[in-house]
$ cat data-v9.cif   # mmCIF, C-alpha atoms and all ligand atoms
data_final
loop_
_atom_site.label_atom_id
_atom_site.label_comp_id
_atom_site.auth_asym_id
_atom_site.auth_seq_id
_atom_site.Cartn_x
_atom_site.Cartn_y
_atom_site.Cartn_z
CA MET A 3 26.42 -5.30 160.03
CA PRO A 4 26.06 -1.71 161.24
CA ASP A 5 23.92 -1.24 164.33
CA VAL A 6 21.67 1.36 162.72
CA LYS A 7 19.31 1.38 159.75
CA PHE A 8 18.75 4.20 157.29
CA CYS A 9 16.51 4.91 154.36
CA ASP A 10 17.90 7.61 152.07
CA ILE A 11 14.56 9.06 151.01
CA GLY A 12 16.04 11.24 148.24
CA ALA A 13 18.96 10.43 145.95
CA ASN A 14 19.32 11.60 142.35
CA LEU A 15 21.19 8.54 141.14
CA VAL A 16 19.59 8.38 137.68
CA SER A 17 19.38 11.34 135.32
CA ALA A 18 18.74 11.96 131.68
CA SER A 19 22.25 13.28 131.00
CA PRO A 20 25.58 11.84 132.25
CA SER A 21 26.14 12.69 135.89
CA THR A 22 28.87 12.62 138.49
CA PHE A 23 28.00 8.96 139.10
CA ASP A 24 29.01 8.35 135.49
CA GLY A 25 32.23 10.29 136.13
CA PHE A 26 31.19 13.56 134.46
CA TYR A 27 31.55 16.84 136.39
CA PHE A 28 30.55 20.46 135.89
CA GLY A 29 28.96 19.85 132.49
CA SER A 30 32.28 18.67 131.05
CA GLN A 31 32.30 16.24 128.10
CA VAL A 32 35.41 14.61 129.48
CA GLN A 33 34.91 11.64 131.76
CA SER A 34 37.00 11.93 134.94
CA HIS A 35 36.44 8.35 136.07
CA PRO A 36 34.37 5.27 135.14
CA GLU A 37 30.80 4.93 136.37
CA ASP A 38 30.91 4.07 140.06
CA SER A 39 27.27 3.96 141.10
CA GLU A 40 27.52 0.35 142.29
CA ASP A 41 30.43 1.25 144.58
CA VAL A 42 28.24 4.08 145.84
CA LEU A 43 25.45 1.61 146.63
CA GLU A 44 27.82 -0.80 148.37
CA ARG A 45 29.19 2.00 150.54
CA ALA A 46 25.63 3.00 151.47
CA LYS A 47 24.88 -0.56 152.48
CA ARG A 48 27.97 -0.68 154.68
CA VAL A 49 26.85 2.28 156.82
CA GLY A 50 23.38 0.77 157.31
CA VAL A 51 21.32 2.16 154.41
CA ARG A 52 18.57 -0.41 153.82
CA GLU A 53 16.54 1.43 151.19
CA ILE A 54 17.12 4.27 148.75
CA LEU A 55 14.41 6.24 147.02
CA VAL A 56 15.76 7.43 143.67
CA THR A 57 14.04 10.70 142.79
CA ALA A 58 12.90 11.40 139.26
CA GLY A 59 11.97 14.80 137.83
CA THR A 60 10.49 14.07 134.39
CA LEU A 61 8.67 11.29 132.57
CA GLU A 62 11.88 10.04 130.95
CA GLU A 63 13.75 10.10 134.25
CA ALA A 64 10.93 8.24 135.96
CA LYS A 65 11.13 5.45 133.36
CA ALA A 66 14.91 5.28 133.61
CA ALA A 67 14.91 5.35 137.43
CA ALA A 68 12.38 2.52 137.71
CA SER A 69 14.21 0.24 135.31
CA LYS A 70 17.61 0.99 136.82
CA CYS A 71 16.28 0.30 140.34
CA ARG A 72 14.93 -3.04 139.20
CA MET A 73 18.25 -3.87 137.55
CA TRP A 74 20.16 -2.95 140.74
CA ASN A 75 17.80 -5.03 142.87
CA GLU A 76 18.28 -8.09 140.71
CA LYS A 77 22.03 -7.63 140.65
CA SER A 78 22.19 -7.05 144.38
CA PHE A 79 20.62 -10.42 145.13
CA ARG A 80 22.58 -12.24 142.47
CA LYS A 81 25.80 -10.86 143.90
CA SER A 82 24.86 -11.82 147.43
CA SER A 83 23.77 -15.35 146.53
CA ASN A 84 27.05 -15.81 144.68
CA SER A 85 28.98 -14.85 147.75
CA ILE A 86 30.35 -17.70 149.86
CA ASN A 87 28.98 -16.13 153.00
CA ASN A 88 25.94 -18.30 153.65
CA ASP A 89 25.25 -17.31 157.21
CA ARG A 90 23.27 -14.16 156.51
CA GLU A 91 20.32 -14.16 158.82
CA GLY A 92 16.80 -14.61 157.47
CA ALA A 93 16.58 -15.05 153.72
CA ASP A 94 12.96 -13.97 153.97
CA ASP A 95 14.13 -10.69 155.44
CA ASP A 96 14.77 -9.18 152.02
CA GLU A 97 11.86 -6.76 152.08
CA ASP A 98 13.85 -4.22 154.06
CA GLY A 99 17.00 -4.61 152.05
CA SER A 100 18.94 -6.52 154.71
CA GLU A 101 19.80 -9.10 152.08
CA GLY A 102 21.71 -8.24 148.97
CA VAL A 103 24.90 -6.23 148.56
CA PHE A 104 23.09 -2.98 147.72
CA PRO A 105 20.28 -1.26 149.61
CA LYS A 106 16.84 -2.11 148.25
CA MET A 107 16.21 0.41 145.49
CA TYR A 108 12.94 2.27 144.87
CA SER A 109 11.95 5.24 142.73
CA THR A 110 9.50 8.11 142.29
CA VAL A 111 7.34 9.22 139.38
CA GLY A 112 6.64 12.91 138.92
CA VAL A 113 7.70 16.22 137.40
CA HIS A 114 10.00 18.66 139.18
CA PRO A 115 8.75 22.27 139.34
CA THR A 116 11.61 23.49 137.15
CA ARG A 117 10.67 20.94 134.45
CA CYS A 118 6.91 21.55 134.30
CA ASP A 119 7.14 23.07 130.81
CA GLU A 120 7.31 19.44 129.68
CA PHE A 121 3.59 19.08 130.28
CA GLU A 122 2.99 21.59 127.50
CA GLU A 123 5.87 20.65 125.23
CA LYS A 124 5.66 16.87 124.93
CA TYR A 125 2.80 14.81 123.50
CA ASP A 126 1.78 17.55 121.05
CA GLY A 127 1.32 19.92 123.95
CA SER A 128 -1.28 17.77 125.69
CA PRO A 129 -0.76 17.85 129.49
CA GLU A 130 -3.48 15.22 129.83
CA ARG A 131 -1.56 12.76 127.67
CA TYR A 132 1.67 13.49 129.52
CA LEU A 133 -0.16 12.72 132.76
CA GLN A 134 -1.47 9.48 131.28
CA ALA A 135 2.09 8.53 130.35
CA LEU A 136 3.20 9.16 133.95
CA LYS A 137 0.37 6.93 135.12
CA THR A 138 1.54 4.17 132.82
CA VAL A 139 5.01 4.34 134.38
CA VAL A 140 3.51 3.97 137.86
CA ARG A 141 1.32 1.08 136.77
CA GLU A 142 4.07 -0.81 134.95
CA ASN A 143 6.56 -0.40 137.79
CA ALA A 144 4.42 -0.90 140.85
CA ASP A 145 7.13 -3.10 142.39
CA VAL A 146 9.62 -0.23 142.68
CA VAL A 147 7.62 3.03 142.54
CA LYS A 148 7.02 4.17 146.10
CA ALA A 149 6.16 7.88 145.76
CA ILE A 150 4.85 10.58 143.47
CA GLY A 151 7.40 13.34 142.93
CA GLU A 152 9.40 15.17 143.07
CA CYS A 153 6.90 17.89 142.55
CA GLY A 154 6.16 21.26 144.10
CA LEU A 155 7.31 24.85 143.57
CA ASP A 156 10.73 26.42 143.05
CA TYR A 157 10.69 30.22 142.86
CA ASP A 158 14.48 30.43 143.05
CA ARG A 159 14.68 29.05 139.53
CA LEU A 160 11.88 30.74 137.61
CA HIS A 161 14.21 31.00 134.58
CA PHE A 162 13.54 27.30 134.02
CA CYS A 163 9.79 27.47 134.41
CA GLU A 164 7.52 30.38 135.28
CA LYS A 165 5.33 30.60 138.36
CA GLU A 166 1.90 30.02 136.87
CA THR A 167 3.07 26.91 135.02
CA GLN A 168 4.66 25.52 138.18
CA LYS A 169 1.50 26.11 140.20
CA LYS A 170 -0.76 24.61 137.58
CA TYR A 171 1.17 21.34 137.27
CA PHE A 172 1.89 21.01 140.97
CA GLN A 173 -1.86 20.94 141.44
CA PHE A 174 -2.20 18.58 138.47
CA GLN A 175 0.04 15.92 139.99
CA PHE A 176 -2.08 15.39 143.09
CA GLU A 177 -4.22 13.28 140.85
CA LEU A 178 -1.40 10.73 140.69
CA ALA A 179 -1.15 10.47 144.48
CA LYS A 180 -4.89 10.13 144.67
CA GLU A 181 -5.25 7.50 141.97
CA PHE A 182 -2.40 5.29 143.13
CA ASP A 183 -2.61 5.93 146.84
CA LEU A 184 1.07 6.81 147.06
CA PRO A 185 2.84 9.37 149.28
CA LEU A 186 4.21 12.57 147.78
CA PHE A 187 7.83 13.62 147.60
CA LEU A 188 7.66 17.43 147.63
CA HIS A 189 10.04 20.26 146.80
CA SER A 190 9.53 23.87 147.94
CA ARG A 191 12.00 26.71 147.40
CA ASN A 192 11.23 30.31 148.24
CA SER A 193 7.55 29.63 147.62
CA ARG A 194 6.15 29.35 151.14
CA GLU A 195 2.71 30.89 150.67
CA ASP A 196 1.74 29.34 147.34
CA PHE A 197 3.16 25.97 148.35
CA TYR A 198 1.24 25.96 151.61
CA GLU A 199 -1.94 27.10 149.93
CA ILE A 200 -1.83 24.36 147.26
CA LEU A 201 -0.90 21.66 149.75
CA LYS A 202 -3.68 22.73 152.09
CA ARG A 203 -6.22 22.62 149.29
CA ASN A 204 -5.19 19.06 148.44
CA VAL A 205 -4.53 17.65 151.86
CA LYS A 206 -7.60 15.43 151.57
CA HIS A 207 -5.86 13.61 148.71
CA LEU A 208 -2.85 12.82 150.85
CA ARG A 209 -4.09 9.60 152.30
CA LYS A 210 -0.55 8.25 152.34
CA GLY A 211 1.10 11.49 153.47
CA ALA A 212 4.00 13.51 152.10
CA VAL A 213 7.53 14.63 152.76
CA VAL A 214 8.71 18.18 152.12
CA HIS A 215 12.27 17.32 151.22
CA SER A 216 15.52 19.29 151.50
CA PHE A 217 13.97 21.67 153.98
CA THR A 218 15.66 25.07 154.33
CA GLY A 219 12.74 27.16 155.60
CA THR A 220 11.93 28.68 158.96
CA ARG A 221 10.47 27.18 162.09
CA GLU A 222 7.08 28.81 161.41
CA GLU A 223 7.15 27.31 157.93
CA PHE A 224 7.64 23.71 159.03
CA GLU A 225 5.21 24.14 161.90
CA GLU A 226 2.41 25.24 159.61
CA LEU A 227 3.17 22.32 157.26
CA LEU A 228 3.20 19.75 160.06
CA ALA A 229 -0.07 21.14 161.40
CA LEU A 230 -1.80 20.39 158.09
CA ASP A 231 -1.74 16.64 158.57
CA ASP A 232 0.01 14.18 160.87
CA LYS A 233 1.33 12.24 157.89
CA ILE A 234 3.46 15.16 156.68
CA TYR A 235 7.20 14.87 157.30
CA ILE A 236 10.20 17.17 156.86
CA GLY A 237 13.25 15.90 154.93
CA VAL A 238 16.66 16.99 156.19
CA ASN A 239 19.94 16.84 154.23
CA GLY A 240 23.23 18.75 154.02
CA CYS A 241 21.46 21.83 152.58
CA SER A 242 19.28 21.97 155.71
CA LEU A 243 22.44 22.26 157.82
CA LYS A 244 24.40 25.00 156.05
CA THR A 245 24.01 28.04 158.29
CA GLU A 246 23.58 28.51 162.02
CA GLU A 247 20.02 29.62 161.31
CA ASN A 248 19.33 26.41 159.33
CA VAL A 249 20.74 24.29 162.14
CA ASN A 250 18.59 26.06 164.74
CA VAL A 251 15.51 25.24 162.66
CA VAL A 252 16.49 21.57 162.31
CA GLN A 253 17.07 21.42 166.05
CA SER A 254 13.40 22.24 166.58
CA ILE A 255 11.94 19.73 164.08
CA PRO A 256 10.37 16.95 166.16
CA LEU A 257 12.15 13.62 165.55
CA ASP A 258 8.87 11.83 164.98
CA ARG A 259 8.24 14.04 161.94
CA MET A 260 11.74 14.04 160.43
CA LEU A 261 13.25 12.03 157.58
CA LEU A 262 16.91 11.86 156.58
CA GLU A 263 18.14 12.15 153.01
CA THR A 264 21.27 13.07 151.06
CA ASP A 265 19.82 14.56 147.82
CA ALA A 266 22.93 13.00 146.25
CA PRO A 267 24.93 14.21 144.36
CA TRP A 268 23.82 17.61 145.66
CA CYS A 269 23.69 19.06 149.17
CA ALA A 270 27.00 17.70 150.45
CA VAL A 271 28.09 18.91 153.88
CA LYS A 272 31.09 21.18 153.33
CA LYS A 273 33.82 22.34 155.69
CA THR A 274 32.48 25.90 155.58
CA HIS A 275 28.97 24.83 156.65
CA PHE A 276 27.82 25.48 160.18
CA GLY A 277 26.67 21.85 160.50
CA ASN A 278 30.28 20.79 160.09
CA THR A 279 31.03 22.05 163.62
CA PHE A 280 29.18 18.98 164.93
CA LEU A 281 31.54 16.57 163.15
CA GLU A 282 34.88 15.34 164.31
CA GLY A 283 36.00 13.76 161.06
CA GLY A 284 36.33 16.80 158.76
CA GLU A 285 33.52 16.97 156.20
CA ASN A 286 32.29 13.48 157.01
CA SER A 287 31.18 11.52 159.96
CA ASN A 288 34.10 9.65 161.53
CA ARG A 289 32.26 6.46 160.67
CA ILE A 290 32.56 7.23 156.98
CA GLN A 291 36.08 8.55 157.24
CA THR A 292 37.18 5.32 158.94
CA LEU A 293 35.45 3.04 156.45
CA PHE A 294 36.18 4.79 153.18
CA GLY A 295 39.03 7.28 153.75
CA THR A 296 39.26 10.90 152.70
CA PRO A 297 37.32 11.90 149.56
CA VAL A 298 39.43 12.86 146.54
CA LYS A 299 39.06 15.18 143.52
CA PRO A 300 37.39 13.52 140.48
CA LYS A 301 40.66 13.19 138.56
CA LYS A 302 42.29 11.40 141.50
CA TRP A 303 39.55 8.76 141.61
CA GLN A 304 40.58 5.16 142.11
CA LYS A 305 38.29 2.17 142.59
CA GLY A 306 36.56 2.70 145.92
CA SER A 307 37.27 6.44 146.29
CA MET A 308 34.65 8.87 147.46
CA ILE A 309 34.62 12.20 145.64
CA LYS A 310 35.12 15.49 147.48
CA ASP A 311 31.90 17.54 147.63
CA ARG A 312 29.88 14.89 145.76
CA SER A 313 27.16 13.82 148.12
CA GLU A 314 26.27 10.12 148.10
CA PRO A 315 23.86 7.97 150.12
CA CYS A 316 26.44 6.69 152.66
CA GLN A 317 26.74 10.31 153.84
CA ILE A 318 23.33 10.01 155.41
CA ALA A 319 25.50 8.97 158.38
CA THR A 320 27.03 12.46 158.33
CA VAL A 321 23.62 14.13 158.20
CA CYS A 322 22.49 11.92 161.08
CA GLU A 323 25.55 12.80 163.15
CA ILE A 324 24.96 16.55 162.72
CA VAL A 325 21.27 16.25 163.58
CA ALA A 326 22.16 14.23 166.68
CA GLY A 327 24.80 16.81 167.62
CA CYS A 328 22.51 19.81 167.32
CA LYS A 329 19.67 18.04 169.09
CA GLU A 330 22.02 16.81 171.82
CA THR A 331 20.80 13.28 171.41
CA SER A 332 22.43 10.09 170.16
CA TYR A 333 23.21 9.09 166.59
CA GLU A 334 21.31 5.85 167.19
CA ASP A 335 18.17 7.61 168.42
CA VAL A 336 18.05 9.93 165.40
CA ALA A 337 18.63 7.04 163.01
CA GLU A 338 16.00 4.88 164.65
CA ALA A 339 13.30 7.57 164.72
CA CYS A 340 13.87 8.66 161.13
CA TYR A 341 14.02 5.10 159.89
CA ARG A 342 10.72 4.30 161.55
CA ASN A 343 9.20 7.40 159.92
CA SER A 344 10.43 6.31 156.50
CA ARG A 345 8.84 2.89 156.98
CA ASP A 346 5.56 4.50 158.00
CA LEU A 347 5.50 6.89 155.06
CA PHE A 348 6.75 4.77 152.17
CA PHE A 349 6.47 1.14 153.16
CA SER A 350 3.35 0.75 155.22
CA PRO A 351 0.86 -1.84 153.91
CA SER A 352 -1.52 -0.38 151.32
CA SER A 353 -4.53 -1.59 153.28
CA SER A 354 -3.85 0.76 156.19
ZN ZN B 401 14.31 18.91 145.40
#

$ encode --input "data-v9.cif" --output "structure tokens" --more "lines below"
Ligand SMILES: [Zn+2]
Amino acid sequence: MPDVKFCDIGANLVSASPSTFDGFYFGSQVQSHPEDSEDVLERAKRVGVREILVTAGTLEEAKAAASKCRMWNEKSFRKSSNSINNDREGADDDEDGSEGVFPKMYSTVGVHPTRCDEFEEKYDGSPERYLQALKTVVRENADVVKAIGECGLDYDRLHFCEKETQKKYFQFQFELAKEFDLPLFLHSRNSREDFYEILKRNVKHLRKGAVVHSFTGTREEFEELLALDDKIYIGVNGCSLKTEENVNVVQSIPLDRMLLETDAPWCAVKKTHFGNTFLEGGENSNRIQTLFGTPVKPKKWQKGSMIKDRSEPCQIATVCEIVAGCKETSYEDVAEACYRNSRDLFFSPSSS
């Protein structure tokens, strides 16, 4: 077993249309390789990923993510109990995903800012009914749903959904966090002031806290967010480590307020990224390179291959290595702090 534990707090492993995990790339109708999501989960487990939070962005995705997570969890335990290796420590230790061949899988329920038109398009244009349907998904899947999201604001992609609609339904979704006492998984792109303003107005509803994921803002921006409430965290992935400026910001995020994620299949660390200068093994941590070899192009896929530039949960090790490098601290210390934070935010007992 690896000596560190991770929780990938954001992975887009389930989507409405075929994705790279089904072998489809760049919107092509031609499948480059068979579905390999279970290989992806096994690789994650091998680098120490104990839990994965699968992010959903619409009602349909939320339903699909919850049922797929449950299916993976069942399969994970079946596979491990079939294995001849009986000396796994602590069968009652399954809560944190130490048992099973996959990490323990969880999901979110919420509507992404770029998809907020759905509130007015589905259910005969009744946002209230759409919200009720989201609530039903949370209620019926309480065993796997661990957060509300992803929701927030994205002003880089207003062509998908205009500002006023985004703002309106970001506000709307706080009701879910409030009703179910769940943390929020938040997305903010180029929307600093409005995002801050809406979050501040609703901070009283955040009894369980929130993570602002895939952070690419400035130091002032994360500082004002962290000052809002001590249960607010900043999520860091490959996109947070692209430029020297990004890396300098990440360097100043306190470890006790940071969470690690991959945002798979997006936000891979690439050779051209500044963060890459902290790695010795090319575009991946040496740990990954040693375990799984060099990633290949989709067409060259063979059973067990990683795909070049497709981010996947095992690469949380790469994100961790870069964060450790820029903070001049150890890989283990970064992993440990962020893992503890993920437990506190998503897995603390509901009575607390
Ligand atoms: Zn996002």

$ residues_around --input "data-v9.cif" --residues "stretch 172-177 of chain A" --least-positions-apart "3" --cutoff "10 Å" --atoms "all atoms listed in the file" --output "PyMOL selection string"
chain A and resi 111-115+118+129-130+133+136-137+150-155+166-169+180-186+188+197+200-201+203-205+207-208

$ residues_near_ligand --input "data-v9.cif" --ligand "ligand ZN 401 (chain B)" --cutoff "7 Å" --atoms "all atoms listed in the file" --output "PyMOL selection string"
chain A and resi 152+189+215-216

$ residues_around --input "data-v9.cif" --residues "stretch 284-299 of chain A" --least-positions-apart "3" --cutoff "10 Å" --atoms "all atoms listed in the file" --output "number ranges by chain"
A: 34, 45-46, 48-49, 270-275, 277-281, 302-304, 306-312, 316-324

$ closest_residue --input "data-v9.cif" --among "A:Phe224, A:Phe8, A:Trp268, A:Phe348" --to "A:Lys47" --atoms "only C-alpha atoms"
A:Phe8

$ atom_distance --input "data-v9.cif" --atom1 "atom CA of A:Pro315" --atom2 "atom CA of A:Arg52"
10.6 Å

$ atom_distance --input "data-v9.cif" --atom1 "atom CA of A:Gly327" --atom2 "atom CA of A:Phe187"
26.4 Å

$ closest_residue --input "data-v9.cif" --among "A:Glu246, A:Pro300, A:Asn143, A:Lys148" --to "A:Phe28" --atoms "only C-alpha atoms"
A:Pro300

$ atom_distance --input "data-v9.cif" --atom1 "atom CA of A:Pro105" --atom2 "atom CA of A:Val249"
28.5 Å

$ residues_near_point --input "data-v9.cif" --point "(11.5, 13.4, 164.1)" --cutoff "12 Å" --atoms "all atoms listed in the file" --output "MDAnalysis selection string"
chainID A and resid 228 232:238 252:262 322 325:326 329 331 335:344

$ residues_near_point --input "data-v9.cif" --point "(7.8, 2.6, 145.4)" --cutoff "7 Å" --atoms "only C-alpha atoms" --output "tab-separated table (two decimals) with C-alpha atoms, keeping the file's coordinate frame"
chain	number	residue	atom	x	y	z
A	108	TYR	CA	12.94	2.27	144.87
A	109	SER	CA	11.95	5.24	142.73
A	110	THR	CA	9.50	8.11	142.29
A	144	ALA	CA	4.42	-0.90	140.85
A	145	ASP	CA	7.13	-3.10	142.39
A	146	VAL	CA	9.62	-0.23	142.68
A	147	VAL	CA	7.62	3.03	142.54
A	148	LYS	CA	7.02	4.17	146.10
A	149	ALA	CA	6.16	7.88	145.76

$ residues_around --input "data-v9.cif" --residues "A:Arg191" --least-positions-apart "3" --cutoff "7 Å" --atoms "all atoms listed in the file" --output "list in words"
Leu155, Asp156, Tyr157 and Asp158 of chain A

$ closest_residue --input "data-v9.cif" --among "A:Met107, A:Leu178, A:Leu55, A:Val6" --to "A:Cys71" --atoms "all atoms listed in the file"
A:Met107

$ closest_residue --input "data-v9.cif" --among "A:Val140, A:Thr264, A:Ile11, A:Thr116" --to "A:Ala64" --atoms "only C-alpha atoms"
A:Val140
